[in-house]
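Participant: Supplied in C-alpha cells, the structure appears directly below.
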Amino acid sequence: MPVNASSESIEPKPLEPGLYIVATPIGNLGDITLRAIDVLRAVSVIACEDTRVTGKLLKACCVKTRMQRYDDHASPAVRKKLIETAINEPVALVSDAGTPLVSDPGYRLVRDAREAGVNVTTIPGACAAVAGLTLSGLPNDRFLFAGFLPVKDKARSDVLAQLGGIEATLIFYETGPRLERSLKAIAQVWPTREIAVARELTKLHEECRTGTAEELVDHYSDHPPKGEIVLLVGPPMQETNDIDADDLLKDALQEMSASKAAGKVARATGLDRQTLYARAVELKQQ
C-alpha cells in the first residue's frame with residue numbers, strides 16, 4: 001500500500017457516538033483513505049457483510065477493531081443491537097467492497113438509526129459504479145444506477161423495457177456467469193446503443209471494453225469473464241441524423257407488425273413511438 005497505514009505511532013482521534021458509513025477499496029487496497037483507516041481504528045465495532053473479507057482489509061491496515069457480521073440475513077435483533085451500541089459508542093458500517101448501501105442491505109440500518117436519533121456520518125471512497133462510468137467514455141452528465149438485472153428472462157426484459165426511454169447512461173452490476181445473457185437481452189431491445197463492460201476495476205488486469213451489445217456478446221462468448229462487472233448502456237440517441245430509423249424499421253417489419261416494430265425502434269433509439277408507428281405503416285404499404 002502506498003499509504004503508511006501500518007504506522008503504530010498514529011493514534012486515532014476519539015469519535016463521537018454514532019454510525020459511520022465507511023467506503024472500502026473495490027480491488028486495490030491502496031484506495032483506502034486515511035480518514036477511513038482512522039475511523040475503523042476508532043470505532044467500537046465494525047458491522048460488515050463477511051468478517052473474512054473485511055478481516056483481510058483490517059489486517060493490511062493494522063486495525064484490530066472487533067467485527068460484527070451484518071448482511072442480508074441479519075436479524076432485526078442484530079440491527080437493533082448495533083443501533084443501541086451506536087447511541088453510546090461509534091459504530092462503523094462497511095461492505096465487502098466499495099461504498100456501503102450501494103446495492104447492499106445497509107440502508108435498513110441507516111434508516112433505523114436515523115429514526116432512533118443516532119448521528120450518521122459518511123466516509124466516502126471507492127464506488128464501482130462511478131469508477132466504471134469514468135472509464136466508459138459514455139455521457140456522464142446524467143446517469144441512473146439500476147443495480148443488478150433480474151435473473152429470469154422475462155423479468156429482465158421487463159426491466160429493460162421500463163428503462164428504455166430514460167435519457168441517461170444506465171449502470172448495472174453484473175456477474176461473469178450472467179453477463180452474456182444480459183448482453184443478449186440488451187441486444188434485442190437496444191441493438192444500436194453503445195455498451196461498456198468494465199471489469200477487474202482498480203486491479204492489475206482492469207479493462208473497459210465498448211461496442212454494441214452484439215459485438216460484446218461475440219467477444220465474451222470466446223473469452224468468458226470472471227468476477228464482478230459494471231455494465232453500462234449509453235442513453236437513447238436524440239438526433240435522427242445519428243441513425244437511419246427507416247432502416248431499423250424495415251428490418252423490424254420483416255419479423256413483426258408495424259406496432260411492434262415501432263416499439264422496438266423507439267426503445268432502441270429514444271425516438272417518438274407514435275411517429276415511428278406512422279412511418280412503419282407507410283413503409284409497410286410501399
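Chain labels follow the order of the C-alpha cells: the first chain is A, the next B, and so on; residue numbering restarts at 1 in every chain, and ligands are counted from 1 in their shown order.
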Can you check which residues of region 45-182 of chain A DSSP gives as helix (DSSP H, G or I) on the backbone and send them as an MDAnalysis selection string?
Facilitator: chainID A and resid 51:60 76:88 106:115 128:136 153:163 176:182
Participant: Counting only C-alpha atoms, what are the residues of region 142-174 of chain A within 9 Å of region 119-130 of chain A, and for each of them which pair of atoms is the nearest and at what distance in Å, to one decimal? Sort the table by chain and rising number, as a tab-separated table.
Facilitator:
residue	atom	partner	partner_atom	distance
A:Phe145	CA	A:Ala129	CA	7.4
A:Ile171	CA	A:Ala129	CA	6.7
A:Phe172	CA	A:Ala129	CA	7.7
A:Tyr173	CA	A:Ala129	CA	7.6
Participant: Could you give me, as a Markdown table, every region 181-254 of chain A residue with an atom at most 10 Å from region 146-165 of chain A, plus its closest atom pair and distance in Å to one decimal, counting only C-alpha atoms, rows ordered by chain then number?
Facilitator:
| residue | atom | partner | partner_atom | distance |
| --- | --- | --- | --- | --- |
| A:Arg181 | CA | A:Asp153 | CA | 8.6 |
| A:Ser182 | CA | A:Leu149 | CA | 7.6 |
| A:Ala185 | CA | A:Ser157 | CA | 6.7 |
| A:Ile186 | CA | A:Leu160 | CA | 7.4 |
| A:Gln188 | CA | A:Ser157 | CA | 9.1 |
| A:Val189 | CA | A:Leu160 | CA | 7.6 |
| A:Trp190 | CA | A:Gly164 | CA | 8.1 |
| A:Val230 | CA | A:Phe148 | CA | 9.6 |
| A:Leu231 | CA | A:Phe148 | CA | 9.4 |
| A:Pro235 | CA | A:Gly165 | CA | 8.5 |
| A:Pro236 | CA | A:Gly165 | CA | 7.0 |
Participant: Dump N, CA, C and O atoms for the selected residues as a short mmCIF file (atom, residue, chain, number, x, y, z; two decimals), in the first residue's frame?
Facilitator:
data_model
loop_
_atom_site.label_atom_id
_atom_site.label_comp_id
_atom_site.auth_asym_id
_atom_site.auth_seq_id
_atom_site.Cartn_x
_atom_site.Cartn_y
_atom_site.Cartn_z
N ARG A 181 -25.82 -13.50 -21.04
CA ARG A 181 -27.28 -13.49 -21.17
C ARG A 181 -27.85 -12.07 -21.09
O ARG A 181 -28.79 -11.72 -21.80
N SER A 182 -27.26 -11.26 -20.21
CA SER A 182 -27.72 -9.88 -20.11
C SER A 182 -27.42 -9.09 -21.38
O SER A 182 -28.25 -8.31 -21.86
N ALA A 185 -29.92 -10.00 -24.05
CA ALA A 185 -31.21 -9.35 -23.82
C ALA A 185 -31.15 -7.88 -24.25
O ALA A 185 -32.10 -7.36 -24.84
N ILE A 186 -30.04 -7.22 -23.94
CA ILE A 186 -29.88 -5.82 -24.33
C ILE A 186 -29.81 -5.69 -25.85
O ILE A 186 -30.37 -4.75 -26.43
N GLN A 188 -31.37 -7.34 -28.01
CA GLN A 188 -32.71 -7.47 -28.59
C GLN A 188 -33.50 -6.17 -28.52
O GLN A 188 -34.28 -5.86 -29.42
N VAL A 189 -33.32 -5.41 -27.44
CA VAL A 189 -34.12 -4.19 -27.28
C VAL A 189 -33.37 -2.92 -27.67
O VAL A 189 -33.99 -1.93 -28.08
N TRP A 190 -32.05 -2.93 -27.53
CA TRP A 190 -31.25 -1.73 -27.84
C TRP A 190 -30.06 -2.13 -28.74
O TRP A 190 -28.90 -2.02 -28.34
N VAL A 230 -19.21 -4.08 -14.00
CA VAL A 230 -20.09 -2.93 -14.17
C VAL A 230 -20.48 -2.88 -15.64
O VAL A 230 -19.63 -2.81 -16.53
N LEU A 231 -21.78 -2.97 -15.90
CA LEU A 231 -22.32 -2.98 -17.25
C LEU A 231 -23.02 -1.65 -17.50
O LEU A 231 -23.94 -1.28 -16.75
N PRO A 235 -27.15 6.36 -23.40
CA PRO A 235 -28.53 6.86 -23.48
C PRO A 235 -29.09 6.75 -24.89
O PRO A 235 -28.34 6.54 -25.85
N PRO A 236 -30.42 6.89 -25.04
CA PRO A 236 -31.02 6.86 -26.37
C PRO A 236 -30.46 7.98 -27.23
O PRO A 236 -30.10 9.04 -26.73
#
Participant: Need to verify the contact set: Ile83 (chain A), 12 Å, only C-alpha atoms, exclusion of same-chain residues closer than 3 positions in sequence. Can you return it as a VMD selection string?
Facilitator: chain A and resid 17 to 20 45 47 76 to 80 86 to 93 108 to 120
Participant: Mind the document's chain letters and residue numbers, and return as a ChimeraX atom specification the residues of region 181-223 of chain A that DSSP labels strand (DSSP E or B).
Facilitator: /A:195-199,207-211
Participant: Would you export the selected residues with N, CA and C atoms as a PDB file, in the first residue's frame, please?
Facilitator:
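File produced: selection36.pdb:
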ATOM      1  N   ILE A 195     -22.451   0.168 -25.595  1.00  0.00           N
ATOM      2  CA  ILE A 195     -22.381  -0.555 -24.330  1.00  0.00           C
ATOM      3  C   ILE A 195     -20.935  -0.570 -23.851  1.00  0.00           C
ATOM      4  N   ALA A 196     -20.756  -0.546 -22.544  1.00  0.00           N
ATOM      5  CA  ALA A 196     -19.416  -0.669 -21.965  1.00  0.00           C
ATOM      6  C   ALA A 196     -19.449  -1.732 -20.872  1.00  0.00           C
ATOM      7  N   VAL A 197     -18.420  -2.551 -20.849  1.00  0.00           N
ATOM      8  CA  VAL A 197     -18.258  -3.559 -19.804  1.00  0.00           C
ATOM      9  C   VAL A 197     -16.951  -3.256 -19.076  1.00  0.00           C
ATOM     10  N   ALA A 198     -17.059  -2.875 -17.815  1.00  0.00           N
ATOM     11  CA  ALA A 198     -15.874  -2.562 -17.010  1.00  0.00           C
ATOM     12  C   ALA A 198     -15.684  -3.680 -15.985  1.00  0.00           C
ATOM     13  N   ARG A 199     -14.505  -4.241 -15.936  1.00  0.00           N
ATOM     14  CA  ARG A 199     -14.261  -5.361 -15.027  1.00  0.00           C
ATOM     15  C   ARG A 199     -12.855  -5.280 -14.434  1.00  0.00           C
ATOM     16  N   GLU A 207     -10.007  -3.617 -17.161  1.00  0.00           N
ATOM     17  CA  GLU A 207     -10.319  -3.363 -18.566  1.00  0.00           C
ATOM     18  C   GLU A 207     -11.701  -2.747 -18.696  1.00  0.00           C
ATOM     19  N   CYS A 208     -11.887  -2.009 -19.769  1.00  0.00           N
ATOM     20  CA  CYS A 208     -13.201  -1.475 -20.104  1.00  0.00           C
ATOM     21  C   CYS A 208     -13.364  -1.640 -21.611  1.00  0.00           C
ATOM     22  N   ARG A 209     -14.261  -2.517 -22.011  1.00  0.00           N
ATOM     23  CA  ARG A 209     -14.472  -2.821 -23.425  1.00  0.00           C
ATOM     24  C   ARG A 209     -15.802  -2.218 -23.867  1.00  0.00           C
ATOM     25  N   THR A 210     -15.818  -1.567 -25.028  1.00  0.00           N
ATOM     26  CA  THR A 210     -17.031  -0.918 -25.521  1.00  0.00           C
ATOM     27  C   THR A 210     -17.423  -1.457 -26.894  1.00  0.00           C
ATOM     28  N   GLY A 211     -18.673  -1.239 -27.246  1.00  0.00           N
ATOM     29  CA  GLY A 211     -19.191  -1.684 -28.537  1.00  0.00           C
ATOM     30  C   GLY A 211     -20.693  -1.856 -28.432  1.00  0.00           C
TER      31      GLY A 211
END
Participant: Identify which of the residues A:Ala261, A:Ala268, A:Val94, A:Leu248 lies closest to Glu167 (chain A), counting only C-alpha atoms when measuring atom-to-atom distances.
Facilitator: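 Looking at the shortest contact to Glu167 (chain A), the residue is A:Ala268.
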Participant: Choose the residue, out of A:Val43, A:Leu201, A:Ala23, A:Leu276, that has the smallest atom-to-atom separation from Gly227 (chain A); count only C-alpha atoms.
Facilitator: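 The closest residue to Gly227 (chain A) is A:Leu201.
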Participant: Neighbours of Leu253 (chain A) within 8 Å (only C-alpha atoms; same-chain residues fewer than 4 positions away dropped), as number ranges by chain?
Facilitator: A: 249, 257-258, 261, 280, 284
Participant: Can you measure CA of Lys184 (chain A) to CA of Arg142 (chain A) for me? One decimal in Å is fine.
Facilitator: 24.7 Å
Participant: Report, in Å to a single decimal, how far apart CA of Glu194 (chain A) and CA of Val217 (chain A) are.
Facilitator: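 Spanning CA of Val217 (chain A) to CA of Glu194 (chain A) is a straight-line distance of 13.0 Å.
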Participant: If you count only C-alpha atoms, which residues fall within 10 Å of Val53 (chain A), apart from same-chain ones fewer than 5 positions away, as a PyMOL selection string?
Facilitator: chain A and resi 48+58+95-97
Participant: Counting only C-alpha atoms, which residue out of A:Arg267, A:Glu49, A:Pro225, A:Leu29 sits closest to Ile166 (chain A)?
Facilitator: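 Closest to Ile166 (chain A) of all the choices is A:Arg267.
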